[in-house]
>>> print(open('work21.cif').read())   # mmCIF, C-alpha atoms
data_final
#
loop_
_atom_site.group_PDB
_atom_site.id
_atom_site.type_symbol
_atom_site.label_atom_id
_atom_site.label_comp_id
_atom_site.auth_asym_id
_atom_site.auth_seq_id
_atom_site.Cartn_x
_atom_site.Cartn_y
_atom_site.Cartn_z
ATOM 1 C CA MET A 1 76.816 -98.867 -70.435
ATOM 2 C CA HIS A 2 79.213 -96.571 -68.610
ATOM 3 C CA VAL A 3 80.188 -97.614 -65.081
ATOM 4 C CA LEU A 4 81.224 -95.129 -62.382
ATOM 5 C CA ALA A 5 82.611 -96.418 -59.087
ATOM 6 C CA PHE A 6 82.897 -94.226 -56.009
ATOM 7 C CA VAL A 7 85.899 -95.561 -54.139
ATOM 8 C CA THR A 8 87.979 -94.429 -51.197
ATOM 9 C CA GLN A 9 90.033 -95.988 -48.443
ATOM 10 C CA LYS A 10 88.836 -93.454 -45.883
ATOM 11 C CA GLY A 11 85.314 -93.077 -44.512
ATOM 12 C CA GLY A 12 83.415 -89.850 -44.022
ATOM 13 C CA THR A 13 84.142 -88.350 -47.435
ATOM 14 C CA GLY A 14 80.467 -88.076 -48.415
ATOM 15 C CA LYS A 15 80.685 -90.504 -51.336
ATOM 16 C CA SER A 16 77.187 -91.955 -50.917
ATOM 17 C CA THR A 17 75.643 -88.487 -50.764
ATOM 18 C CA ILE A 18 77.425 -87.399 -53.942
ATOM 19 C CA ALA A 19 76.777 -90.716 -55.703
ATOM 20 C CA SER A 20 73.016 -90.439 -55.204
ATOM 21 C CA SER A 21 72.787 -86.799 -56.285
ATOM 22 C CA LEU A 22 74.998 -87.413 -59.323
ATOM 23 C CA ALA A 23 72.825 -90.365 -60.337
ATOM 24 C CA VAL A 24 69.717 -88.165 -60.131
ATOM 25 C CA ALA A 25 71.402 -85.404 -62.144
ATOM 26 C CA ALA A 26 72.308 -87.944 -64.845
ATOM 27 C CA TYR A 27 68.742 -89.243 -64.885
ATOM 28 C CA GLU A 28 67.423 -85.710 -65.288
ATOM 29 C CA ALA A 29 69.845 -85.255 -68.196
ATOM 30 C CA GLY A 30 68.254 -88.204 -69.971
ATOM 31 C CA GLU A 31 70.394 -91.161 -68.920
ATOM 32 C CA ARG A 32 68.975 -94.530 -67.920
ATOM 33 C CA VAL A 33 70.537 -94.911 -64.498
ATOM 34 C CA ALA A 34 70.900 -97.683 -61.931
ATOM 35 C CA ILE A 35 72.853 -97.764 -58.686
ATOM 36 C CA LEU A 36 74.592 -100.822 -57.245
ATOM 37 C CA ASP A 37 75.114 -100.606 -53.483
ATOM 38 C CA MET A 38 78.185 -102.579 -52.397
ATOM 39 C CA ASP A 39 78.632 -100.754 -49.102
ATOM 40 C CA PRO A 40 77.771 -103.004 -46.104
ATOM 41 C CA GLN A 41 76.119 -99.958 -44.498
ATOM 42 C CA GLN A 42 73.711 -99.902 -47.478
ATOM 43 C CA SER A 43 73.220 -96.144 -47.238
ATOM 44 C CA LEU A 44 71.947 -95.903 -50.803
ATOM 45 C CA THR A 45 69.552 -98.796 -50.297
ATOM 46 C CA THR A 46 68.046 -96.823 -47.417
ATOM 47 C CA TRP A 47 68.066 -93.694 -49.604
ATOM 48 C CA SER A 48 66.103 -95.587 -52.257
ATOM 49 C CA GLU A 49 63.540 -96.744 -49.701
ATOM 50 C CA LYS A 50 63.062 -93.133 -48.637
ATOM 51 C CA ARG A 51 62.735 -92.127 -52.296
ATOM 52 C CA GLY A 52 59.863 -94.524 -52.818
ATOM 53 C CA ARG A 53 59.990 -94.681 -56.606
ATOM 54 C CA GLY A 54 61.991 -96.580 -59.207
ATOM 55 C CA ASP A 55 63.249 -93.868 -61.536
ATOM 56 C CA VAL A 56 66.777 -94.314 -60.146
ATOM 57 C CA PRO A 57 66.674 -97.930 -58.934
ATOM 58 C CA VAL A 58 69.132 -99.190 -56.323
ATOM 59 C CA GLN A 59 70.174 -102.796 -55.872
ATOM 60 C CA ALA A 60 72.344 -104.094 -53.032
ATOM 61 C CA VAL A 61 74.863 -106.568 -54.451
ATOM 62 C CA SER A 62 77.656 -108.696 -53.085
ATOM 63 C CA LEU A 63 81.068 -109.266 -54.594
ATOM 64 C CA ASP A 64 79.943 -112.566 -56.143
ATOM 65 C CA GLU A 65 76.860 -110.958 -57.711
ATOM 66 C CA LEU A 66 78.527 -107.944 -59.303
ATOM 67 C CA ASP A 67 79.401 -109.274 -62.753
ATOM 68 C CA VAL A 68 76.010 -110.916 -63.232
ATOM 69 C CA MET A 69 74.168 -107.771 -62.178
ATOM 70 C CA LEU A 70 76.195 -105.608 -64.562
ATOM 71 C CA ASP A 71 75.257 -107.942 -67.416
ATOM 72 C CA ILE A 72 71.585 -107.699 -66.410
ATOM 73 C CA LEU A 73 71.727 -103.901 -66.410
ATOM 74 C CA ARG A 74 73.376 -103.808 -69.838
ATOM 75 C CA SER A 75 70.670 -106.083 -71.218
ATOM 76 C CA ALA A 76 67.994 -103.819 -69.673
ATOM 77 C CA GLY A 77 69.286 -100.791 -71.588
ATOM 78 C CA VAL A 78 70.867 -98.955 -68.668
ATOM 79 C CA THR A 79 73.335 -96.327 -69.911
ATOM 80 C CA LEU A 80 74.890 -95.380 -66.556
ATOM 81 C CA CYS A 81 75.636 -97.610 -63.586
ATOM 82 C CA VAL A 82 76.872 -95.975 -60.375
ATOM 83 C CA ILE A 83 78.587 -98.265 -57.862
ATOM 84 C CA ASP A 84 78.922 -97.235 -54.225
ATOM 85 C CA THR A 85 81.527 -99.054 -52.133
ATOM 86 C CA GLU A 86 82.611 -99.163 -48.516
ATOM 87 C CA GLY A 87 85.134 -96.634 -47.256
ATOM 88 C CA THR A 88 87.927 -99.151 -46.739
ATOM 89 C CA ALA A 89 90.394 -101.177 -48.770
ATOM 90 C CA SER A 90 88.588 -104.447 -49.505
ATOM 91 C CA ASP A 91 88.078 -107.112 -52.142
ATOM 92 C CA THR A 92 84.663 -105.559 -52.831
ATOM 93 C CA ALA A 93 86.190 -102.160 -53.546
ATOM 94 C CA VAL A 94 88.790 -103.750 -55.828
ATOM 95 C CA ALA A 95 86.053 -105.559 -57.761
ATOM 96 C CA ALA A 96 84.212 -102.269 -58.241
ATOM 97 C CA MET A 97 87.412 -100.625 -59.464
ATOM 98 C CA GLN A 98 87.956 -103.405 -61.982
ATOM 99 C CA ALA A 99 84.387 -103.127 -63.267
ATOM 100 C CA ALA A 100 84.444 -99.340 -63.621
ATOM 101 C CA ASP A 101 85.147 -97.204 -66.647
ATOM 102 C CA LEU A 102 85.979 -94.365 -64.255
ATOM 103 C CA CYS A 103 86.713 -94.404 -60.533
ATOM 104 C CA ILE A 104 85.780 -91.257 -58.619
ATOM 105 C CA ILE A 105 87.696 -90.679 -55.386
ATOM 106 C CA PRO A 106 85.906 -88.174 -53.121
ATOM 107 C CA VAL A 107 88.279 -86.364 -50.812
ATOM 108 C CA ARG A 108 87.863 -83.611 -48.252
ATOM 109 C CA PRO A 109 90.377 -80.748 -48.403
ATOM 110 C CA ASN A 110 92.645 -81.832 -45.565
ATOM 111 C CA ALA A 111 96.015 -83.539 -45.392
ATOM 112 C CA PHE A 112 94.801 -86.855 -43.972
ATOM 113 C CA ASP A 113 92.150 -87.323 -46.663
ATOM 114 C CA LEU A 114 94.591 -86.334 -49.402
ATOM 115 C CA TRP A 115 97.164 -88.875 -48.209
ATOM 116 C CA ALA A 116 94.555 -91.639 -48.039
ATOM 117 C CA SER A 117 93.096 -90.742 -51.439
ATOM 118 C CA ASP A 118 96.498 -90.984 -53.106
ATOM 119 C CA VAL A 119 96.765 -94.564 -51.861
ATOM 120 C CA THR A 120 93.379 -95.267 -53.449
ATOM 121 C CA ARG A 121 94.423 -93.702 -56.744
ATOM 122 C CA ARG A 122 97.611 -95.777 -56.858
ATOM 123 C CA LYS A 123 95.547 -98.922 -56.352
ATOM 124 C CA VAL A 124 93.147 -97.952 -59.152
ATOM 125 C CA ARG A 125 96.032 -97.192 -61.500
ATOM 126 C CA SER A 126 97.706 -100.524 -60.652
ATOM 127 C CA LEU A 127 94.578 -102.210 -62.020
ATOM 128 C CA GLY A 128 94.888 -100.296 -65.283
ATOM 129 C CA LYS A 129 91.823 -98.166 -64.568
ATOM 130 C CA ASP A 130 91.226 -94.414 -64.692
ATOM 131 C CA ALA A 131 90.778 -92.446 -61.486
ATOM 132 C CA VAL A 132 89.922 -88.843 -60.734
ATOM 133 C CA PHE A 133 89.658 -86.908 -57.501
ATOM 134 C CA LEU A 134 86.568 -85.009 -56.411
ATOM 135 C CA LEU A 135 87.026 -82.365 -53.735
ATOM 136 C CA ASN A 136 84.006 -82.583 -51.450
ATOM 137 C CA GLN A 137 82.695 -80.830 -48.332
ATOM 138 C CA CYS A 138 84.792 -77.748 -49.034
ATOM 139 C CA PRO A 139 84.290 -74.545 -46.989
ATOM 140 C CA PRO A 140 82.731 -71.784 -49.140
ATOM 141 C CA LEU A 141 85.774 -69.527 -48.665
ATOM 142 C CA GLN A 142 87.850 -71.926 -50.765
ATOM 143 C CA GLN A 143 85.801 -71.078 -53.844
ATOM 144 C CA GLY A 144 88.048 -68.218 -55.009
ATOM 145 C CA PRO A 145 89.094 -67.613 -58.628
ATOM 146 C CA ARG A 146 92.579 -69.039 -58.028
ATOM 147 C CA VAL A 147 91.165 -72.310 -56.692
ATOM 148 C CA GLN A 148 88.736 -72.572 -59.586
ATOM 149 C CA ALA A 149 91.538 -72.007 -62.090
ATOM 150 C CA GLY A 150 93.570 -74.769 -60.448
ATOM 151 C CA VAL A 151 90.600 -77.135 -60.478
ATOM 152 C CA GLN A 152 90.016 -76.575 -64.178
ATOM 153 C CA ALA A 153 93.698 -77.122 -64.964
ATOM 154 C CA LEU A 154 93.754 -80.408 -63.037
ATOM 155 C CA GLU A 155 90.551 -81.534 -64.727
ATOM 156 C CA ALA A 156 92.119 -80.891 -68.116
ATOM 157 C CA ALA A 157 95.015 -83.115 -67.044
ATOM 158 C CA GLY A 158 92.561 -85.834 -66.032
ATOM 159 C CA ALA A 159 93.301 -85.570 -62.323
ATOM 160 C CA LEU A 160 90.377 -83.707 -60.785
ATOM 161 C CA LEU A 161 86.703 -83.294 -61.549
ATOM 162 C CA SER A 162 85.193 -79.840 -61.366
ATOM 163 C CA PRO A 163 83.579 -78.093 -59.667
ATOM 164 C CA VAL A 164 84.681 -78.554 -56.075
ATOM 165 C CA ILE A 165 81.678 -79.480 -53.946
ATOM 166 C CA VAL A 166 80.958 -77.054 -51.128
ATOM 167 C CA SER A 167 79.507 -78.176 -47.812
ATOM 168 C CA ARG A 168 75.844 -77.156 -48.090
ATOM 169 C CA VAL A 169 72.721 -78.106 -46.155
ATOM 170 C CA ASP A 170 70.920 -79.095 -49.384
ATOM 171 C CA TYR A 171 73.091 -82.218 -49.639
ATOM 172 C CA GLN A 172 72.029 -83.384 -46.181
ATOM 173 C CA ASP A 173 68.367 -82.573 -46.864
ATOM 174 C CA ALA A 174 68.519 -84.545 -50.116
ATOM 175 C CA GLY A 175 70.086 -87.582 -48.482
ATOM 176 C CA ARG A 176 67.528 -87.702 -45.679
ATOM 177 C CA SER A 177 64.564 -87.435 -48.051
ATOM 178 C CA GLY A 178 65.691 -89.871 -50.761
ATOM 179 C CA ALA A 179 66.237 -87.116 -53.309
ATOM 180 C CA GLY A 180 69.031 -85.500 -55.265
ATOM 181 C CA VAL A 181 70.077 -81.913 -54.620
ATOM 182 C CA THR A 182 68.719 -80.995 -58.043
ATOM 183 C CA GLU A 183 65.294 -82.004 -56.748
ATOM 184 C CA VAL A 184 65.204 -80.451 -53.260
ATOM 185 C CA ASN A 185 66.265 -76.986 -54.448
ATOM 186 C CA ARG A 186 66.406 -76.862 -58.236
ATOM 187 C CA SER A 187 67.757 -73.303 -58.394
ATOM 188 C CA GLY A 188 70.160 -73.641 -55.458
ATOM 189 C CA LEU A 189 73.948 -73.546 -55.557
ATOM 190 C CA ALA A 190 74.219 -77.237 -54.685
ATOM 191 C CA ALA A 191 71.989 -78.134 -57.646
ATOM 192 C CA GLU A 192 74.151 -76.011 -59.919
ATOM 193 C CA GLU A 193 77.272 -77.769 -58.620
ATOM 194 C CA MET A 194 75.777 -81.190 -59.293
ATOM 195 C CA ARG A 195 74.749 -80.364 -62.859
ATOM 196 C CA LYS A 196 78.261 -79.065 -63.509
ATOM 197 C CA LEU A 197 79.723 -82.211 -61.955
ATOM 198 C CA TRP A 198 77.658 -84.383 -64.281
ATOM 199 C CA ALA A 199 78.857 -82.297 -67.237
ATOM 200 C CA SER A 200 82.422 -82.870 -66.035
ATOM 201 C CA VAL A 201 81.854 -86.637 -65.912
ATOM 202 C CA VAL A 202 80.469 -86.550 -69.450
ATOM 203 C CA ARG A 203 83.596 -84.723 -70.647
ATOM 204 C CA GLN A 204 85.764 -87.445 -69.065
ATOM 205 C CA ALA A 205 83.988 -90.177 -71.023
ATOM 206 C CA PRO A 206 84.821 -91.096 -74.615
ATOM 207 C CA ALA A 207 82.836 -89.184 -77.223
ATOM 208 C CA GLY A 208 79.448 -90.731 -77.856
ATOM 209 C CA THR A 209 79.254 -92.564 -74.517
ATOM 210 C CA PHE A 210 76.175 -90.671 -73.419
ATOM 211 C CA ALA A 211 73.343 -90.355 -75.894
ATOM 212 C CA THR A 212 71.008 -87.448 -76.582
ATOM 213 C CA PRO A 213 68.260 -87.489 -73.913
ATOM 214 C CA PRO A 214 65.351 -89.667 -75.103
ATOM 215 C CA ALA A 215 61.759 -88.530 -75.165
ATOM 216 C CA ALA A 216 60.120 -88.426 -71.749
ATOM 217 C CA GLN A 217 57.792 -91.320 -72.564
ATOM 218 C CA ASP A 218 60.622 -93.589 -73.749
ATOM 219 C CA HIS A 219 62.702 -92.671 -70.709
ATOM 220 C CA GLU A 220 59.865 -93.560 -68.351
ATOM 221 C CA THR A 221 59.249 -96.878 -70.116
ATOM 222 C CA VAL A 222 62.872 -97.999 -69.944
ATOM 223 C CA THR A 223 63.133 -96.887 -66.311
ATOM 224 C CA THR A 224 60.124 -99.020 -65.399
ATOM 225 C CA GLU A 225 61.629 -102.004 -67.212
ATOM 226 C CA THR A 226 64.952 -101.498 -65.402
ATOM 227 C CA GLU A 227 63.221 -101.380 -62.012
ATOM 228 C CA ALA A 228 61.363 -104.599 -62.787
ATOM 229 C CA THR A 229 64.607 -106.263 -63.866
ATOM 230 C CA LEU A 230 66.348 -105.324 -60.604
ATOM 231 C CA ILE A 231 63.443 -106.552 -58.508
ATOM 232 C CA SER A 232 63.394 -109.915 -60.283
ATOM 233 C CA ALA A 233 67.197 -110.354 -60.218
#
>>> encode(input="work21.cif", output="structure tokens")
Amino acid sequence: MHVLAFVTQKGGTGKSTIASSLAVAAYEAGERVAILDMDPQQSLTTWSEKRGRGDVPVQAVSLDELDVMLDILRSAGVTLCVIDTEGTASDTAVAAMQAADLCIIPVRPNAFDLWASDVTRRKVRSLGKDAVFLLNQCPPLQQGPRVQAGVQALEAAGALLSPVIVSRVDYQDAGRSGAGVTEVNRSGLAAEEMRKLWASVVRQAPAGTFATPPAAQDHETVTTETEATLISA
């Protein structure tokens, strides 16, 4: 099981919105996905209630419950676990960093967010873990060829995921309705961004981490079993 943790020491970066849409995109690509909500605001728990189905189950967990829940998910056949954390430096965030195979640091394109995100990356690196930035809530005018070339170069160096995520209404609509952006507007630009972001995450992982998508029936069966496991945990 591959573990992604969304971590940041600054609030308002849109991490919960991106975490939910990325989880849905991974599910649509054939992964067996579960989300652990470690944010006291429990935004993704509310998102799951709005969603009303268990294909991408969400479980609120405390610091003390994290290791046990990860073991339960591995035993249930989950291939991707997404952890959402609070937007502050805390013991909970550190525990998520330690549990993760990759820490994603969402950051808006402004000086204050960039300064704060560098502090987060230094903390992740001090724990011996990998961290990458994700530029989020970017104005559309920043999507020029020069910016894209820089993004791709940084991704190749392991510093930045591509593409940059543009501020679009589809993300807000998805969050309010318990969906991913690939579900609210499948042919929209936000959906395209999210599929590319998932592809970027796959490229960051060691070869063979993510399996060929299973048959629809098998996928549905394992998802149901995972939901039941979370409910009983």
>>> resolve_selection(input="work21.cif", expression="the PyMOL selection byres ((chain A and resi 5) around 12)", output="MDAnalysis selection string")
chainID A and resid 2:4 6:8 15:16 18:20 22:23 35:39 80:86 92:106 124 129:133 201
>>> closest_residue(input="work21.cif", among="A:Glu183, A:Asp55, A:Glu193, A:Asp113", to="Gly30 (chain A)", atoms="only C-alpha atoms")
A:Asp55
>>> resolve_selection(input="work21.cif", expression="the PyMOL selection byres ((chain A and resi 114) around 12)", output="JSON, numbers by chain")
{"A": [8, 9, 10, 13, 105, 106, 107, 108, 109, 110, 111, 112, 113, 115, 116, 117, 118, 119, 120, 121, 133, 134, 135, 136]}
>>> residues_around(input="work21.cif", residues="Asp170 (chain A)", least_positions_apart="6", cutoff="10 Å", atoms="all atoms listed in the file", output="PyMOL selection string")
chain A and resi 176+180-185+188-191
>>> resolve_selection(input="work21.cif", expression="the PyMOL selection byres ((chain A and resi 51) around 7)", output="ChimeraX atom specification")
/A:47-50,52-53,177-179
>>> closest_residue(input="work21.cif", among="A:Gln137, A:Ser200, A:Ser126, A:Thr46", to="Tyr171 (chain A)", atoms="only C-alpha atoms")
A:Gln137
>>> atom_distance(input="work21.cif", atom1="CA of Leu44 (chain A)", atom2="CA of Ala199 (chain A)")
22.4 Å
>>> closest_residue(input="work21.cif", among="A:Ala34, A:Val56, A:Trp198, A:Gly11", to="Met69 (chain A)", atoms="all atoms listed in the file")
A:Ala34
>>> atom_distance(input="work21.cif", atom1="CA of Ser167 (chain A)", atom2="CA of Pro140 (chain A)")
7.3 Å
>>> closest_residue(input="work21.cif", among="A:Gly14, A:Ala29, A:Ala174, A:Ala89", to="Cys138 (chain A)", atoms="all atoms listed in the file")
A:Gly14
>>> atom_distance(input="work21.cif", atom1="CA of Val169 (chain A)", atom2="CA of Val58 (chain A)")
23.7 Å
>>> decode(input="work21.cif", residues="region 60-93 of chain A", atoms="N, CA and C atoms", output="compact mmCIF listing (two decimals), in the first residue's frame")
# COMPACT_ATOMS: atom_id res chain seq x y z
N ALA A 60 -12.15 9.07 9.98
CA ALA A 60 -11.47 10.01 10.88
C ALA A 60 -10.65 9.21 11.88
N VAL A 61 -9.38 9.58 12.03
CA VAL A 61 -8.50 8.86 12.96
C VAL A 61 -7.70 9.85 13.79
N SER A 62 -7.37 9.43 14.98
CA SER A 62 -6.52 10.21 15.86
C SER A 62 -5.06 9.77 15.70
N LEU A 63 -4.18 10.50 16.34
CA LEU A 63 -2.77 10.16 16.32
C LEU A 63 -2.54 8.74 16.82
N ASP A 64 -3.19 8.37 17.91
CA ASP A 64 -2.98 7.05 18.52
C ASP A 64 -3.53 5.92 17.66
N GLU A 65 -4.48 6.24 16.78
CA GLU A 65 -5.12 5.20 15.96
C GLU A 65 -4.46 5.00 14.61
N LEU A 66 -3.54 5.86 14.24
CA LEU A 66 -3.03 5.87 12.87
C LEU A 66 -2.37 4.56 12.47
N ASP A 67 -1.43 4.09 13.24
CA ASP A 67 -0.68 2.88 12.85
C ASP A 67 -1.60 1.66 12.73
N VAL A 68 -2.53 1.54 13.66
CA VAL A 68 -3.46 0.40 13.62
C VAL A 68 -4.33 0.49 12.38
N MET A 69 -4.82 1.68 12.06
CA MET A 69 -5.69 1.82 10.90
C MET A 69 -4.93 1.53 9.61
N LEU A 70 -3.69 1.95 9.51
CA LEU A 70 -2.90 1.65 8.32
C LEU A 70 -2.73 0.14 8.14
N ASP A 71 -2.51 -0.57 9.25
CA ASP A 71 -2.40 -2.03 9.16
C ASP A 71 -3.72 -2.65 8.70
N ILE A 72 -4.83 -2.12 9.17
CA ILE A 72 -6.15 -2.63 8.76
C ILE A 72 -6.35 -2.42 7.27
N LEU A 73 -5.98 -1.25 6.77
CA LEU A 73 -6.16 -0.97 5.35
C LEU A 73 -5.28 -1.87 4.48
N ARG A 74 -4.05 -2.11 4.92
CA ARG A 74 -3.17 -3.02 4.17
C ARG A 74 -3.79 -4.42 4.11
N SER A 75 -4.31 -4.88 5.23
CA SER A 75 -4.92 -6.21 5.27
C SER A 75 -6.17 -6.28 4.39
N ALA A 76 -6.85 -5.15 4.21
CA ALA A 76 -8.08 -5.11 3.40
C ALA A 76 -7.80 -5.01 1.91
N GLY A 77 -6.52 -4.90 1.52
CA GLY A 77 -6.18 -4.84 0.11
C GLY A 77 -6.19 -3.46 -0.49
N VAL A 78 -6.19 -2.43 0.35
CA VAL A 78 -6.11 -1.06 -0.16
C VAL A 78 -4.74 -0.84 -0.79
N THR A 79 -4.72 -0.20 -1.96
CA THR A 79 -3.44 0.06 -2.64
C THR A 79 -2.99 1.50 -2.48
N LEU A 80 -3.91 2.40 -2.14
CA LEU A 80 -3.56 3.81 -1.94
C LEU A 80 -4.30 4.36 -0.73
N CYS A 81 -3.54 4.88 0.22
CA CYS A 81 -4.11 5.58 1.37
C CYS A 81 -3.71 7.05 1.29
N VAL A 82 -4.70 7.92 1.35
CA VAL A 82 -4.47 9.37 1.34
C VAL A 82 -4.76 9.89 2.75
N ILE A 83 -3.79 10.57 3.34
CA ILE A 83 -3.95 11.14 4.68
C ILE A 83 -4.07 12.66 4.57
N ASP A 84 -5.12 13.20 5.15
CA ASP A 84 -5.29 14.65 5.22
C ASP A 84 -4.99 15.10 6.65
N THR A 85 -4.22 16.16 6.79
CA THR A 85 -3.80 16.65 8.10
C THR A 85 -4.22 18.10 8.30
N GLU A 86 -4.07 18.58 9.51
CA GLU A 86 -4.41 19.97 9.79
C GLU A 86 -3.33 20.89 9.24
N GLY A 87 -3.72 22.13 8.99
CA GLY A 87 -2.79 23.09 8.39
C GLY A 87 -1.93 23.80 9.41
N THR A 88 -1.33 23.05 10.32
CA THR A 88 -0.42 23.60 11.31
C THR A 88 0.67 22.58 11.60
N ALA A 89 1.73 23.05 12.26
CA ALA A 89 2.76 22.12 12.74
C ALA A 89 2.22 21.45 14.00
N SER A 90 2.15 20.13 13.99
CA SER A 90 1.57 19.40 15.13
C SER A 90 2.14 18.00 15.17
N ASP A 91 1.95 17.33 16.31
CA ASP A 91 2.37 15.94 16.43
C ASP A 91 1.61 15.05 15.43
N THR A 92 0.35 15.39 15.17
CA THR A 92 -0.45 14.63 14.21
C THR A 92 0.14 14.72 12.81
N ALA A 93 0.52 15.93 12.41
CA ALA A 93 1.12 16.11 11.09
C ALA A 93 2.44 15.36 10.99
